[in-house]
Structures are given as structure tokens and as C-alpha cells.
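Shown here: work31.txt, compact mmCIF, C-alpha atoms.
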# COMPACT_ATOMS: atom_id res chain seq x y z
CA MET A 3 0.00 0.00 0.00
CA ILE A 4 1.32 3.43 -0.94
CA GLU A 5 0.64 6.30 1.43
CA ASN A 6 0.69 9.98 0.65
CA VAL A 7 3.99 11.70 1.33
CA SER A 8 4.84 15.38 1.25
CA VAL A 9 7.22 16.65 -1.39
CA SER A 10 9.18 19.89 -1.19
CA ILE A 11 10.95 21.22 -4.26
CA LYS A 12 13.20 24.25 -4.02
CA ARG A 13 14.70 25.66 -7.19
CA GLU A 14 18.07 27.23 -6.52
CA LEU A 15 19.66 30.09 -8.44
CA GLN A 16 23.35 30.93 -8.38
CA ALA A 17 24.75 33.30 -10.99
CA SER A 18 27.71 35.64 -11.18
CA LEU A 19 28.78 38.15 -13.79
CA GLU A 20 31.30 40.89 -14.32
CA LEU A 21 30.94 44.20 -16.16
CA LYS A 22 33.46 46.89 -17.01
CA LEU A 23 32.24 50.46 -16.65
CA ASN A 24 34.23 52.98 -18.70
CA HIS A 25 34.26 56.77 -18.32
CA VAL A 26 33.21 56.56 -14.67
CA GLY A 27 34.39 60.10 -14.01
CA ASN A 28 32.03 61.42 -16.66
CA MET A 29 29.17 59.40 -15.14
CA LEU A 30 29.78 61.10 -11.78
CA LYS A 31 30.00 64.58 -13.27
CA ARG A 32 27.02 64.54 -15.62
CA ALA A 33 23.52 64.57 -14.17
CA ALA A 34 20.89 62.42 -15.85
CA TYR A 35 23.45 59.97 -17.27
CA ARG A 36 21.73 56.67 -18.12
CA ASP A 37 22.77 53.40 -19.71
CA VAL A 38 21.20 49.93 -19.83
CA VAL A 39 22.92 46.53 -19.97
CA ARG A 40 20.96 43.33 -20.61
CA ILE A 41 22.45 39.92 -19.82
CA ALA A 42 20.48 37.29 -21.74
CA GLU A 43 22.12 34.32 -20.00
CA THR A 44 20.78 35.35 -16.58
CA GLY A 45 17.68 37.26 -17.65
CA SER A 46 18.97 40.30 -15.78
CA VAL A 47 18.89 43.99 -16.64
CA PHE A 48 21.12 46.69 -15.15
CA GLU A 49 20.06 50.32 -15.53
CA PHE A 50 22.92 52.62 -14.55
CA PHE A 51 22.06 56.26 -13.89
CA SER A 52 23.47 59.31 -12.13
CA PHE A 53 21.69 61.91 -10.03
CA LYS A 54 22.39 64.84 -7.77
CA THR A 55 21.81 64.44 -4.05
CA PRO A 56 18.90 66.48 -2.61
CA ASP A 57 21.31 69.10 -1.21
CA ASN A 58 23.06 69.41 -4.63
CA GLN A 59 26.40 68.79 -2.90
CA ASP A 60 27.21 65.41 -4.44
CA MET A 61 26.63 63.25 -7.51
CA MET A 62 25.75 59.57 -7.18
CA LEU A 63 25.98 56.67 -9.62
CA ALA A 64 23.25 54.12 -8.99
CA VAL A 65 21.94 50.94 -10.58
CA ASN A 66 18.47 49.48 -10.98
CA PHE A 67 18.56 45.68 -11.00
CA LEU A 68 15.72 43.72 -12.62
CA LEU A 69 15.34 40.00 -13.29
CA ASP A 70 13.04 38.20 -15.69
CA PRO A 71 10.59 36.20 -13.50
CA LEU A 72 11.32 33.13 -15.65
CA PHE A 73 14.82 33.09 -14.17
CA GLY A 74 13.64 33.69 -10.60
CA THR A 75 12.70 31.18 -7.94
CA GLY A 76 9.47 32.80 -6.79
CA GLN A 77 11.20 33.59 -3.49
CA ARG A 78 13.44 36.47 -2.46
CA LEU A 79 16.92 36.59 -3.97
CA TYR A 80 20.17 37.90 -2.51
CA LEU A 81 22.48 40.20 -4.43
CA ASP A 82 26.16 40.96 -3.92
CA PHE A 83 27.45 44.10 -5.67
CA SER A 84 31.15 45.04 -5.57
CA GLY A 85 33.34 47.49 -7.46
CA TYR A 86 37.08 47.26 -8.11
CA SER A 87 39.82 49.13 -9.92
CA LEU A 88 41.54 47.49 -12.89
CA GLY A 89 44.28 46.64 -10.40
CA ASN A 90 41.79 44.99 -7.99
CA VAL A 91 41.49 47.83 -5.44
CA GLU A 92 38.06 47.50 -3.79
CA TYR A 93 35.88 50.63 -3.98
CA PHE A 94 32.72 49.25 -2.41
CA ARG A 95 30.98 46.01 -1.54
CA TYR A 96 27.32 45.41 -0.67
CA VAL A 97 26.46 41.84 0.30
CA ASN A 98 23.18 39.97 0.76
CA LEU A 99 20.98 42.77 -0.56
CA VAL A 100 17.42 41.42 -0.66
CA ALA A 101 15.44 41.44 -3.94
CA GLU A 102 11.78 40.45 -3.66
CA PRO A 103 9.94 38.69 -6.54
CA VAL A 104 7.42 41.53 -6.88
CA ASN A 105 8.04 44.01 -9.70
CA ASN A 106 10.62 41.80 -11.45
CA TYR A 107 12.92 41.63 -8.42
CA ARG A 108 13.66 45.34 -8.82
CA ARG A 109 16.33 46.63 -6.46
CA THR A 110 17.98 50.05 -6.61
CA VAL A 111 21.43 50.54 -5.11
CA ASN A 112 23.59 53.66 -4.95
CA LEU A 113 27.08 52.52 -5.95
CA LEU A 114 29.48 55.44 -6.19
CA SER A 115 29.69 58.94 -4.77
CA ARG A 116 31.69 61.67 -6.45
CA ASN A 117 32.70 63.15 -3.09
CA ILE A 118 33.43 59.84 -1.34
CA HIS A 119 34.83 57.59 -4.07
CA LEU A 120 36.08 59.69 -6.98
CA GLU A 121 37.98 62.11 -4.75
CA LYS A 122 39.27 59.37 -2.42
CA PHE A 123 40.62 56.81 -4.91
CA ALA A 124 43.37 58.03 -7.24
CA SER A 125 43.04 54.85 -9.30
CA LEU A 126 39.42 55.69 -10.08
CA GLN A 127 40.51 59.05 -11.47
CA THR A 128 43.49 57.80 -13.49
CA GLU A 129 41.86 54.64 -14.88
CA ASP A 130 38.45 56.27 -15.35
CA ALA A 131 37.00 52.75 -15.28
CA MET A 132 35.70 50.17 -12.82
CA ILE A 133 35.09 46.43 -12.71
CA PHE A 134 31.55 45.77 -11.45
CA LYS A 135 30.95 42.27 -10.06
CA ILE A 136 27.51 40.85 -9.29
CA THR A 137 26.37 37.64 -7.64
CA ILE A 138 22.71 36.56 -7.68
CA SER A 139 21.80 33.79 -5.25
CA SER A 140 18.77 32.04 -3.76
CA SER A 141 20.55 31.62 -0.44
CA PRO A 142 21.82 34.32 1.93
CA ASP A 143 24.24 31.93 3.60
CA PRO A 144 27.66 33.56 3.66
CA SER A 145 30.66 31.80 2.22
CA PRO A 146 33.80 31.68 4.42
CA LYS A 147 35.40 34.47 2.43
CA ASP A 148 32.58 36.84 3.43
CA ALA A 149 33.35 36.67 7.15
CA PRO A 150 36.32 39.10 7.13
CA VAL A 151 34.23 41.56 5.12
CA LYS A 152 31.45 41.49 7.70
CA ASP A 153 33.93 41.82 10.54
CA HIS A 154 35.35 44.87 8.77
CA ILE A 155 31.86 46.34 8.29
CA TYR A 156 31.06 45.98 11.98
CA ARG A 157 34.34 47.57 13.04
CA THR A 158 33.80 50.38 10.53
CA ILE A 159 30.43 51.26 12.05
CA LEU A 160 31.98 51.40 15.53
CA ASN A 161 35.10 53.33 14.48
CA GLU A 162 34.90 56.48 16.57
CA GLN A 163 38.03 57.93 14.93
CA SER A 164 36.47 57.81 11.46
CA SER A 165 36.48 60.99 9.41
CA GLU A 166 32.96 60.31 8.14
CA PRO A 167 30.78 63.43 8.55
CA MET A 168 27.68 61.58 9.75
CA ARG A 169 27.54 60.50 13.40
CA PHE A 170 24.84 58.88 15.50
CA THR A 171 24.51 58.44 19.24
CA ALA A 172 22.20 55.73 20.58
CA PHE A 173 21.61 54.34 24.07
CA SER A 174 21.49 50.85 25.50
CA HIS A 175 19.67 51.60 28.79
CA ARG A 176 16.55 53.43 29.95
CA THR A 177 15.52 54.51 33.44
CA PRO A 178 11.96 54.02 34.80
CA SER A 179 11.14 57.65 33.94
CA GLY A 180 12.24 57.17 30.33
CA ARG A 181 15.63 58.88 30.51
CA LEU A 182 18.19 57.27 28.21
CA THR A 183 21.63 56.31 29.52
CA ARG A 184 24.89 54.66 28.45
CA GLY A 185 25.24 56.21 25.03
CA ARG A 186 27.44 54.96 22.24
CA SER A 187 28.58 56.60 19.01
CA TYR A 188 28.28 55.13 15.53
CA VAL A 189 30.02 56.46 12.43
CA PRO A 190 28.58 54.80 9.32
CA SER A 191 29.24 55.86 5.76
CA ALA A 192 27.15 58.89 4.90
CA GLY A 193 26.76 57.46 1.40
CA VAL A 194 25.25 54.24 2.74
CA ILE A 195 22.81 56.08 5.01
CA GLU A 196 21.73 58.72 2.52
CA SER A 197 21.20 56.17 -0.26
CA ARG A 198 18.94 53.94 1.85
CA VAL A 199 17.28 56.05 4.56
CA ASN A 200 15.33 59.29 4.42
CA LEU A 201 16.25 60.80 7.78
CA SER A 202 13.73 63.60 7.30
CA SER A 203 10.94 61.04 7.77
CA PHE A 204 11.76 60.80 11.49
CA ASP A 205 10.26 63.14 14.07
CA SER A 206 12.63 65.07 16.31
CA VAL A 207 11.44 63.04 19.32
CA ASP A 208 12.65 59.91 17.53
CA ILE A 209 15.95 61.16 16.12
CA LYS A 210 17.19 64.57 17.21
CA ILE A 211 19.81 66.56 15.30
CA VAL A 212 22.38 68.22 17.56
CA THR A 213 25.07 70.62 16.34
CA GLY A 214 28.15 71.17 18.45
CA ALA A 215 28.65 69.83 21.98
CA LEU A 216 26.50 66.86 22.91
CA SER A 217 26.67 66.84 26.72
CA GLN A 218 23.32 68.46 27.42
CA ALA A 219 21.52 66.69 24.58
CA VAL A 220 22.74 63.32 25.85
CA THR A 221 21.78 64.14 29.43
CA ASP A 222 18.27 65.17 28.33
CA ALA A 223 17.69 62.30 25.91
CA ARG A 224 14.42 60.47 26.56
CA ALA A 225 12.87 57.43 24.94
CA SER A 226 10.11 58.28 22.48
CA TYR A 227 8.55 54.85 23.14
CA THR A 228 8.14 53.34 26.60
CA ASP A 229 6.40 50.04 25.87
CA GLN A 230 7.84 46.78 27.15
CA ASP A 231 8.64 45.47 23.67
CA SER A 232 11.74 47.63 23.26
CA ASP A 233 15.32 46.41 23.51
CA PHE A 234 16.29 48.99 26.12
CA GLU A 235 17.87 47.49 29.22
CA GLU A 236 16.77 48.77 32.62
CA ASP A 237 18.92 51.30 34.44
CA ALA A 238 18.55 52.94 37.83
CA GLU A 239 17.34 56.53 38.04
CA PRO A 240 20.43 58.73 38.64
CA GLU A 241 20.51 61.23 41.47
CA GLU A 242 19.63 64.74 40.29
CA GLU A 243 23.02 66.20 41.19
CA ASP A 244 24.84 63.32 39.53
CA ARG A 245 22.76 63.79 36.40
CA LYS A 246 23.58 67.50 36.21
CA SER A 247 27.29 67.00 36.69
CA LYS A 248 27.69 63.79 34.76
CA LYS A 249 29.59 64.08 31.48
CA PRO A 250 29.85 61.45 28.78
CA ARG A 251 32.86 59.19 28.96
CA LYS A 252 35.55 59.73 26.34
CA SER A 253 35.23 56.18 25.15
CA GLN A 254 31.72 56.95 24.01
CA SER A 255 32.77 59.90 21.82
CA LEU A 256 29.73 61.91 22.81
CA GLU A 257 31.47 65.26 22.40
CA SER A 258 32.07 66.76 18.99
CA LYS A 259 35.68 66.34 17.96
CA ASP A 260 37.89 69.38 18.58
CA GLY A 261 34.83 71.44 19.50
CA ASN A 262 33.83 71.88 15.86
CA GLU A 263 30.25 72.30 14.75
CA GLU A 264 29.62 68.90 13.21
CA SER A 265 26.11 67.49 13.56
CA THR A 266 25.19 64.34 15.43
CA PHE A 267 21.91 62.44 15.26
CA VAL A 268 20.72 61.41 18.73
CA VAL A 269 18.59 58.27 18.40
CA GLN A 270 15.77 58.12 20.96
CA MET A 271 13.22 55.75 19.39
CA VAL A 272 15.19 52.48 19.61
CA SER A 273 18.07 51.16 21.68
CA SER A 274 21.69 51.10 20.54
CA HIS A 275 21.33 47.33 20.06
CA VAL A 276 18.62 47.89 17.44
CA TRP A 277 20.34 50.85 15.80
CA GLU A 278 23.58 48.89 15.52
CA ALA A 279 21.75 45.98 13.90
CA PHE A 280 19.96 48.42 11.56
CA LEU A 281 23.24 49.95 10.35
CA PHE A 282 24.73 46.49 9.84
CA TYR A 283 21.66 45.51 7.80
CA LEU A 284 22.01 48.59 5.58
CA TYR A 285 25.58 47.58 4.79
CA CYS A 286 25.22 43.85 4.14
CA GLY A 287 21.55 42.83 4.36
CA GLU A 288 22.07 40.54 7.37
CA LEU A 289 19.88 40.64 10.44
CA VAL A 290 19.45 38.35 13.44
CA PHE A 291 16.32 38.61 15.57
CA ALA A 292 16.01 37.50 19.17
CA PRO A 293 13.02 35.50 20.44
CA LEU A 294 10.10 37.59 21.71
CA LYS A 295 10.04 38.78 25.31
CA SER A 296 6.78 36.89 25.69
CA GLU A 297 8.78 33.68 25.18
CA GLY A 298 10.48 34.18 28.53
CA ALA A 299 13.98 32.91 29.31
CA ALA A 300 14.51 31.64 25.76
CA ARG A 301 15.23 35.20 24.66
CA ASP A 302 18.02 35.90 27.14
CA GLU A 303 19.65 32.52 26.53
CA PHE A 304 19.59 32.99 22.76
CA ILE A 305 21.18 36.45 23.00
CA LYS A 306 23.83 35.18 25.42
CA GLN A 307 24.86 32.26 23.22
CA PHE A 308 24.90 34.34 20.04
CA THR A 309 27.02 37.16 21.45
CA GLU A 310 29.55 34.71 22.89
CA LYS A 311 30.07 33.13 19.47
CA ASN A 312 29.83 36.29 17.32
CA LEU A 313 32.05 39.00 18.73
CA ASP A 314 32.14 41.04 15.51
CA ALA A 315 28.41 41.24 14.86
CA PRO A 316 25.49 43.15 16.40
CA ARG A 317 23.62 41.29 19.08
CA PRO A 318 20.18 39.86 18.14
CA CYS A 319 17.49 42.51 18.40
CA SER A 320 13.73 42.81 18.80
CA CYS A 321 11.79 42.34 15.56
CA LYS A 322 9.16 44.74 16.94
CA SER A 323 11.63 47.55 17.55
CA MET A 324 13.14 46.96 14.12
CA TYR A 325 9.67 46.98 12.54
CA ARG A 326 8.95 50.33 14.19
CA LEU A 327 12.23 51.68 12.81
CA ALA A 328 11.63 50.26 9.32
CA PHE A 329 8.10 51.69 9.31
CA LYS A 330 9.38 55.18 10.10
CA ALA A 331 12.25 54.86 7.61
CA GLY A 332 9.92 53.60 4.88
CA ILE A 333 11.74 50.31 4.13
CA PRO A 334 9.01 47.79 3.18
CA HIS A 335 11.28 44.79 2.65
CA LEU A 336 12.71 45.23 6.15
CA GLN A 337 9.18 45.53 7.57
CA ASN A 338 8.33 42.23 5.86
CA ARG A 339 11.32 40.47 7.41
CA CYS A 340 10.30 41.69 10.85
CA LEU A 341 6.71 40.63 10.27
CA GLU A 342 7.74 37.16 9.09
CA HIS A 343 9.87 36.61 12.19
CA LEU A 344 7.12 37.84 14.50
CA GLU A 345 4.60 35.47 12.92
CA SER A 346 7.02 32.55 13.22
CA ARG A 347 7.29 33.08 17.01
CA LEU A 348 3.56 33.16 17.79
CA THR A 349 2.16 30.16 19.68
CA VAL A 350 -0.78 29.31 21.94
CA ASN A 351 1.43 30.36 24.85
CA ASN A 352 1.98 33.96 23.79
CA ILE A 353 -0.58 34.92 21.13
CA LEU A 354 -2.94 36.60 23.62
CA VAL A 355 -0.10 38.68 25.07
CA GLU A 356 1.04 39.72 21.61
CA VAL A 357 -2.24 40.42 19.86
CA PHE A 358 -3.47 42.71 22.65
CA SER A 359 -0.14 44.51 23.17
CA PRO A 360 0.28 48.28 22.67
CA PHE A 361 2.72 47.60 19.82
CA THR A 362 0.19 45.56 17.84
CA SER A 363 -2.52 48.21 18.20
CA GLN A 364 -0.26 50.78 16.50
CA TYR A 365 0.16 48.92 13.20
CA LYS A 366 -2.76 47.53 11.20
CA GLU A 367 -0.51 45.19 9.20
CA VAL A 368 0.73 43.60 12.42
CA GLU A 369 -2.74 43.43 13.93
CA ASP A 370 -4.23 41.78 10.84
CA MET A 371 -1.49 39.14 10.82
CA GLU A 372 -1.80 38.39 14.54
CA MET A 373 -5.60 38.25 14.42
CA GLY A 374 -5.27 35.66 11.68
CA VAL A 375 -2.93 33.59 13.85
CA LEU A 376 -5.29 34.02 16.81
CA SER A 377 -8.15 32.72 14.71
CA ASP A 378 -6.10 29.66 13.72
CA LEU A 379 -5.20 28.94 17.36
CA TRP A 380 -8.63 29.74 18.83
CA GLU A 381 -9.81 26.16 19.33
CA GLN A 382 -6.54 25.22 21.06
CA LEU A 383 -6.74 28.29 23.26
CA LYS A 384 -10.25 27.48 24.44
CA LYS A 385 -8.99 24.15 25.79
CA GLN A 386 -6.33 25.80 27.96
CA GLN A 387 -6.90 26.00 31.68
CA GLY A 388 -7.74 29.53 32.79
CA PHE A 389 -8.48 30.75 29.27
CA THR A 390 -11.72 32.46 30.28
CA GLU A 391 -10.02 34.19 33.19
CA LYS A 392 -7.30 35.48 30.86
CA LEU A 393 -9.91 36.98 28.58
CA ARG A 394 -11.59 38.71 31.51
CA GLN A 395 -8.30 40.19 32.71
CA ILE A 396 -7.48 41.39 29.22
CA TYR A 397 -10.91 43.00 28.89
CA ASP A 398 -10.91 44.63 32.33
CA ASN A 399 -7.37 46.02 32.01
CA GLY A 400 -7.40 46.72 28.29
CA SER A 401 -7.77 49.89 26.30
CA ASP A 402 -10.86 50.75 24.29
CA HIS A 403 -9.12 49.29 21.26
CA THR A 404 -8.48 46.01 23.09
CA LYS A 405 -12.10 45.80 24.19
CA SER A 406 -13.23 46.46 20.65
CA LEU A 407 -11.11 43.55 19.39
CA LEU A 408 -12.54 41.23 22.01
CA TRP A 409 -16.08 42.24 21.16
CA GLY A 410 -15.33 41.47 17.54
CA LEU A 411 -13.98 38.05 18.49
CA LEU A 412 -16.70 36.95 20.86
CA GLY A 413 -19.72 38.96 19.81
CA ASP A 414 -21.44 41.57 21.96
CA ALA A 415 -23.94 39.34 23.74
CA GLN A 416 -21.51 36.47 24.25
CA LEU A 417 -18.92 38.74 25.84
CA ILE A 418 -21.48 40.41 28.12
CA ASN A 419 -22.83 37.05 29.28
CA LYS A 420 -19.31 35.75 29.82
CA ARG A 421 -18.42 38.77 31.94
CA ARG A 422 -21.62 38.38 34.01
CA ARG A 423 -20.84 34.73 34.71
CA LEU A 424 -17.30 35.65 35.76
CA ALA A 425 -18.25 38.66 37.87

Full structure transcribed into C-alpha cells:
Amino acid sequence: MIENVSVSIKRELQASLELKLNHVGNMLKRAAYRDVVRIAETGSVFEFFSFKTPDNQDMMLAVNFLLDPLFGTGQRLYLDFSGYSLGNVEYFRYVNLVAEPVNNYRRTVNLLSRNIHLEKFASLQTEDAMIFKITISSSPDPSPKDAPVKDHIYRTILNEQSSEPMRFTAFSHRTPSGRLTRGRSYVPSAGVIESRVNLSSFDSVDIKIVTGALSQAVTDARASYTDQDSDFEEDAEPEEEDRKSKKPRKSQSLESKDGNEESTFVVQMVSSHVWEAFLFYLYCGELVFAPLKSEGAARDEFIKQFTEKNLDAPRPCSCKSMYRLAFKAGIPHLQNRCLEHLESRLTVNNILVEVFSPFTSQYKEVEDMEMGVLSDLWEQLKKQQGFTEKLRQIYDNGSDHTKSLLWGLLGDAQLINKRRRLA
């Protein structure tokens, strides 16, 4: 007798190609430059174009990547873009950039900056050419040769002596009153940030711009979100006199260098753990999420084991905090990754906590997903001991929005009768 068995078929894609770009200097000096290259063997199209930055202070060379769906896998793909001189000097490298199957896997990447690359690399000026290497893969798994690159990326972000003009300060701890403490500086490439994030989309309570000395701004920094889902660690409330006299430690680089008037972005909406992971993701597309806080001790143990084994990588962060950041920054593919992880961690043991949390009520996309999971788990939940009591506690302590959700789940009359029986 033959029984039914499940079959899983996964079509893999692994392709690499190399292009030579001539007259690069002209590309970075002429606005509205555009050229298209089609690679029939891989079904890929590369649209190179130049544009001025919004402040008209720089010229960027970017590329639109598209892939014929016939060559795709139906799942997300991962792209590696790197640029080299004719003598193999590396100008840039972006690894594990995510390309979704929607819209022909379109992905836009800013490659070169006139101010950062053309003026920095003499070889780019003299050769006036560049070797552009691309890898298209179904799997994000890094090869051994990628590890040193990622280590270098992480150290670059943390390099407080960097001459990069863009600096961020974020905090790992928060006091009960919401004051942020234990700040740390990050110095990512301005080109990477400006090509991927619209900083003007953030409110000043989320990310504050400070020009000049940072002491007072750091002392006054307060979390713009106080819900329990954040990655902020708890810190004691400092004494008032200590707070007034306390100055940032030198190791944190919280003062502007040499007293000049450079600007620093003070991050108040997420912890330094999340911001660090966000910067790392912008560079190489890699992101590791921690289990949910509603999963209990599993979260702390996972973070502990990961950080012990990965010294040159950001620690695992909250998918909720990252979703909030991606939502503000307007990065849909990052929102989707956060949402997928959140859904994968929902069980009968934590779905009620999650679906009626303040975080969920703020985002319809999250609420719709979690309500769907709740519906799927409803019959299992009803069999749990104390289920009815949990619903009563949620209703009695919940917001108007929470009560509205419960009424929608149980029906007006059913909920009223249930509450009368439990009263």
C-alpha cells in the first residue's frame, strides 16, 4: 500500500557576472546619465544612472537591477554588488541585498559617490573605469570568504576615529522615567545612510539633530517609546546632582571632535542594540532577531549564546523595535522580514499577550497578521486551563481598542454574558 507523502521542491539560483564600466568620471559629473545593460544568460537587466543628491552637494551613480521572473525562484533573492579598480582595489561592496519577486525583483542601489569615491581613490581618477561584479543567489548563507568583510563592516560602524561626517549616538539603557543612559557613538558611511534612509521622515522626538557639543543633549535624551517590547535594558534613576554634573565618557565619543560644529543624530526611538543591527543591515543585508520577550527565558539565553560566538556582529534585536524603525524609515522589505519573524514566534502560549499589546494596536498590518494567527489557534486556546479568566483580565485592564477587538472576536452578547458569569 502506498501512502501519501509530502514533497518539497526548491529551485536554486546561483549566478555571477562581471561588467566593465568605462568613463566613470564622466558618469559622476554629468547629471541624468543613463545606460542599460541586458544579460540574456541570466535574464537580468542593469540600468545605470546618475543623479544629484537632494542638497546638490554630491553626484551619485546608482543601478536598478531587474530579473526576468522566468529566471527567478518565486522567493526572495540575494544580491552581492562590488566594485574594483583594474588593479583589484576594492571601492565598495554590498552583500546579501534582498530582492523580492514583486516588480521583477527590482532593487535600486547607490554605488558610487563623487565626493566619497572619486575624490578618495586616485586609481578611479586615473583609470576612469571600474570592474563591477555581481552575484545573484537564492541563499543568503555567507561563504567563508565573506566573514572578514562582515567583521570589517562591523568595526567600521563602531570606528569612533572615522572621518565620516555623519555620526549617530544611541543608548542601551533606559531609566523608569524614560531617561536614556549609556550612550554609544556610531560612524557609518554617509553614502550608505543617505542612499537607503530618508532621515527627514523621522520626528525630532525619535531622532534629534544636535550641532556642536553633545553633553546636554545626551543628558536630556528620553525614549520616544516606553512600551515593554523595546530592547532597552533597565537602568537605575540617577541622582539629580549626579545627572547634572555627569559628562559622557571619552570612550563613548559623545562630544564633537575638537569642538567643531559637526552634527550628530541622537537616536531616541530604539536602543543602541537595534540601531547597531539596523546599520549592519544597511551595509550587508544581514539581520538576526532575538526570540520575543513573551517567550520568557529563551530570549536571554539565545542572546547570550549568540554574542559569545559572534564578537564582531550586532547582538540579536527585537523584531518589533526593528519593525517600528523600518516603518518610520519607509523600508518595506525590512518591515516584511520583521513581520515574518514575528509570525514565526507566535504560539498558543503567547498569542494573547502579543495580539493585545500596545505595539500591535499601533500597526494595522501587524494586527491583521496576529488576528489571523489568533483565529487559527482559537480552538486550542479554548482548551487551555484559565483561558476564560485570561480573557476577563485582558478586557478589564485593556484599552478601548483592546475591548473592541474582544467584542469582535466573541460577539457583543456572548462577551457580556461571559463577563456576568465571571463577575

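Proximity to Val39 of chain A was assessed for A:Asn66, A:Gln77, A:Gln270, A:Asn105 counting only C-alpha atoms; the smallest distance is recorded for A:Asn66.
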
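Going from atom CA of Trp409 of chain A over to atom CA of Arg326 of chain A, you cover 27.2 Å.
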
- line: If you count all atoms listed in the file, the residue of A:Asn117, A:Thr171, A:Ser232, A:Asn112 closest to Asn58 of chain A turns out to be A:Asn117

query: Interatomic distance between atom CA of Arg181 of chain A and atom CA of His275 of chain A?
result: 16.6 Å

- prompt: In terms of the shortest atom-to-atom distance over all atoms listed in the file, which of A:Leu383, A:Ile333, A:Leu72, A:Cys340 is closest to Phe291 of chain A?
  reply: A:Cys340

- request: Just give me the gap between atom CA of Ser191 of chain A and atom CA of Val212 of chain A in Å, one decimal is fine.
  value: 18.4 Å

task: Would you mind listing what lies within 9 Å of Met271 of chain A as a PyMOL selection string, with only C-alpha atoms counted and same-chain residues fewer than 3 positions away left out?
output: chain A and resi 207-209+224-227+323+326-327

Exercise: Lys54 of chain A partners within 10 Å, only C-alpha atoms, chain neighbours under 5 positions left out, as a ChimeraX atom specification: /A:30-34,59-63,115-116

- request: Write out as a PyMOL selection string each polymer residue whose atoms come within 7 Å of segment 93-104 of chain A, counting all atoms listed in the file; drop sequence neighbours fewer than 3 positions from it.
  value: chain A and resi 76-86+107-109+142+285-288
